[in-house]
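Below you'll find the structure, written out as structure tokens, and then a few comments.
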Amino acid sequence: MKKFIIYFLLIITIIGSFGFVILKSSAMGRTDNYFNKNFRESFSDSIFLRKVLGLNFDGDAKSDYLGKHYSEITIEVDAVTGYSISPSTMGSVAAMIEALTGKKTTFVYSDEHLPYSGSQSLDELEFITSKHRDLSLSDNSALLYVLAIGSDFDEPDFLGSTINENGIVIFEDTLLGFTEINPQLYEMFILSTILHEFGHQLGLGHNMDPKCLMNEEADQRSLVFQNPNEVVVEFCAEEEQELNLIRHKYL
């Protein structure tokens with residue numbers, strides 16, 4: 001009997017390990033594979049399963065921002081020496097995220113003099129984020145991490161990018177070069193870029209409408225404006241409809 005129990009537990013362990021490997025490899029595979037199309041969203045609602053399976057694509061943490069588990073959102077802001085995001089811009093970001101999610105949103109400046117310079121690759125950005133992100137999810141507050149740095153080594157025209165499921169990177173050298181003809185555009189593009197990337201973290205994809213915040217060129221050095229008022233900083237009707245469908249899942 002004892003030997004049977006040992007064999008049984010061994011078989012269960014092997015099956016469990018094999019199943020874990022399959023799930024993990026599926027989660028890291030193509031976005032259109034069976035697991036990612038049918039089960040990823042349900043699995044990513046669990047913070048524990050997100051960590052265990054490494055579910056850190058864009059939108060994997062949207063339940064943190066839109067679901068009922070957290071009542072607040074905290075934005076941690078880090079910056080490399082020589083770069084910064086102004087309190088007024090972060091105040092606007094927090095106000096708009098609060099309006100989008102219905103959750104009290106605040107921001108805190110954490111590390112403002114990180115020792116990095118020049119362009120960073122994606123792997124380097126992920127390392128910097130994991131090393132310097134000081135805050136974590138609390139009992140009542142979800143986390144959004146924002147990092148201001150020079151530029152993206154792999155995509156030098158990008159104004160911003162998402163990092164994992166709850167991070168945003170702003171490339172200030174690229175932004176400064178892009179807006180040097182009219183410095184008044186600079187703060188508006190920072191606001192627009194952060195909100196564009198947050199849209200990805202809520203599960204929104206790109207579209208082709210230049211009047212929409214999730215336009216595929218909105219986070220690149222492509223859309224040229226003369227007036228700060230022309231910079232799109234709000235989700236268009238089409239995007240609001242899509243957001244409403246996402247929100248509805250968490251009612």
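Residue numbering restarts at 1 for every chain of the structure tokens, chains are lettered A, B, ... in their displayed order, and ligands are numbered from 1 as they appear.
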**OP:** Compile the contact shell of segment 153-161 of chain A as number ranges by chain: residues with an atom at most 8 Å away, counting only C-alpha atoms, same-chain residues fewer than 4 positions apart removed.
**Re:** A: 119-122, 168-172, 174-175, 193-194, 197, 219-221
Selection file, N, CA and C atoms, as an mmCIF file, in the first residue's frame:
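Final output, again-v9.cif:
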```
data_model
loop_
_atom_site.group_PDB
_atom_site.id
_atom_site.type_symbol
_atom_site.label_atom_id
_atom_site.label_comp_id
_atom_site.auth_asym_id
_atom_site.auth_seq_id
_atom_site.Cartn_x
_atom_site.Cartn_y
_atom_site.Cartn_z
ATOM 1 N N SER A 119 21.321 55.013 -25.268
ATOM 2 C CA SER A 119 20.248 54.133 -25.700
ATOM 3 C C SER A 119 20.302 52.817 -24.942
ATOM 4 N N GLN A 120 19.122 52.235 -24.709
ATOM 5 C CA GLN A 120 19.034 50.965 -23.985
ATOM 6 C C GLN A 120 18.254 49.966 -24.839
ATOM 7 N N SER A 121 18.704 48.727 -24.818
ATOM 8 C CA SER A 121 17.977 47.669 -25.504
ATOM 9 C C SER A 121 16.800 47.226 -24.641
ATOM 10 N N LEU A 122 15.917 46.407 -25.216
ATOM 11 C CA LEU A 122 14.762 45.913 -24.467
ATOM 12 C C LEU A 122 15.201 45.123 -23.243
ATOM 13 N N ILE A 168 5.816 51.353 -18.135
ATOM 14 C CA ILE A 168 5.845 52.262 -19.289
ATOM 15 C C ILE A 168 7.200 52.968 -19.300
ATOM 16 N N VAL A 169 7.828 53.049 -20.463
ATOM 17 C CA VAL A 169 9.096 53.763 -20.608
ATOM 18 C C VAL A 169 8.897 54.945 -21.545
ATOM 19 N N ILE A 170 9.422 56.102 -21.132
ATOM 20 C CA ILE A 170 9.376 57.317 -21.952
ATOM 21 C C ILE A 170 10.795 57.631 -22.411
ATOM 22 N N PHE A 171 10.978 57.808 -23.735
ATOM 23 C CA PHE A 171 12.302 58.062 -24.300
ATOM 24 C C PHE A 171 12.475 59.564 -24.538
ATOM 25 N N GLU A 172 13.115 60.215 -23.572
ATOM 26 C CA GLU A 172 13.125 61.680 -23.580
ATOM 27 C C GLU A 172 14.068 62.278 -24.609
ATOM 28 N N THR A 174 14.555 61.127 -27.584
ATOM 29 C CA THR A 174 13.762 61.066 -28.821
ATOM 30 C C THR A 174 12.679 62.138 -28.797
ATOM 31 N N LEU A 175 12.030 62.300 -27.667
ATOM 32 C CA LEU A 175 10.983 63.321 -27.529
ATOM 33 C C LEU A 175 11.554 64.726 -27.702
ATOM 34 N N THR A 193 2.005 60.104 -24.864
ATOM 35 C CA THR A 193 2.727 58.834 -24.965
ATOM 36 C C THR A 193 2.440 57.937 -23.764
ATOM 37 N N ILE A 194 2.441 58.506 -22.556
ATOM 38 C CA ILE A 194 2.147 57.695 -21.371
ATOM 39 C C ILE A 194 0.744 57.113 -21.457
ATOM 40 N N GLU A 197 0.569 54.289 -24.044
ATOM 41 C CA GLU A 197 1.129 53.032 -23.528
ATOM 42 C C GLU A 197 0.230 52.426 -22.449
ATOM 43 N N ASP A 219 3.084 56.746 -30.890
ATOM 44 C CA ASP A 219 4.251 56.641 -30.018
ATOM 45 C C ASP A 219 5.556 56.606 -30.805
ATOM 46 N N GLN A 220 5.520 57.156 -32.041
ATOM 47 C CA GLN A 220 6.716 57.200 -32.867
ATOM 48 C C GLN A 220 6.934 58.618 -33.388
ATOM 49 N N ARG A 221 8.127 58.851 -33.952
ATOM 50 C CA ARG A 221 8.427 60.176 -34.503
ATOM 51 C C ARG A 221 7.801 60.298 -35.891
#
```
Original post:
If we count only C-alpha atoms, what is near Ala218 of chain A at a cut-off of 8 Å, once residues fewer than 5 positions away on the same chain are taken out, given as a list in words?
Top reply: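 Here the answer would be Ser192, Thr193, His196, Pro210, Leu213 and Leu223 of chain A.
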**OP:** Write down as a PyMOL selection string the residues belonging to segment 20-235 of chain A that are assigned strand (DSSP E) by DSSP computed on the backbone.
**Re:** chain A and resi 72-79+104-109+119-120+141-149+151-152+160-163+167-171
Subject >> Close residues, Val146 of chain A itself excluded, 7 Å, only C-alpha atoms, min 3 positions apart in chain, as a PyMOL selection string >> reply: chain A and resi 75-78+167-169
Subject >> Nearby residues (only C-alpha atoms) at most 12 Å from Arg50 of chain A, same-chain spacing under 3 positions excluded, as a list in words >> reply: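 After dropping sequence-adjacent residues, the list is Leu23, Lys24, Ala27, Met28, Arg40, Glu41, Ser42, Phe43, Ser44, Asp45, Ser46, Ile47, Leu53, Gly54, Leu55, Asn56, Phe57, Gly59, Asp60, Ala61, Lys62, Ser63, Asp64, Asn164, Glu165 and Asn166 of chain A.
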Subject >> Top pick for closest residue to Tyr109 of chain A, considering A:Thr129, A:Thr179, A:Asn229, A:Thr74 and counting only C-alpha atoms >> reply: A:Thr74
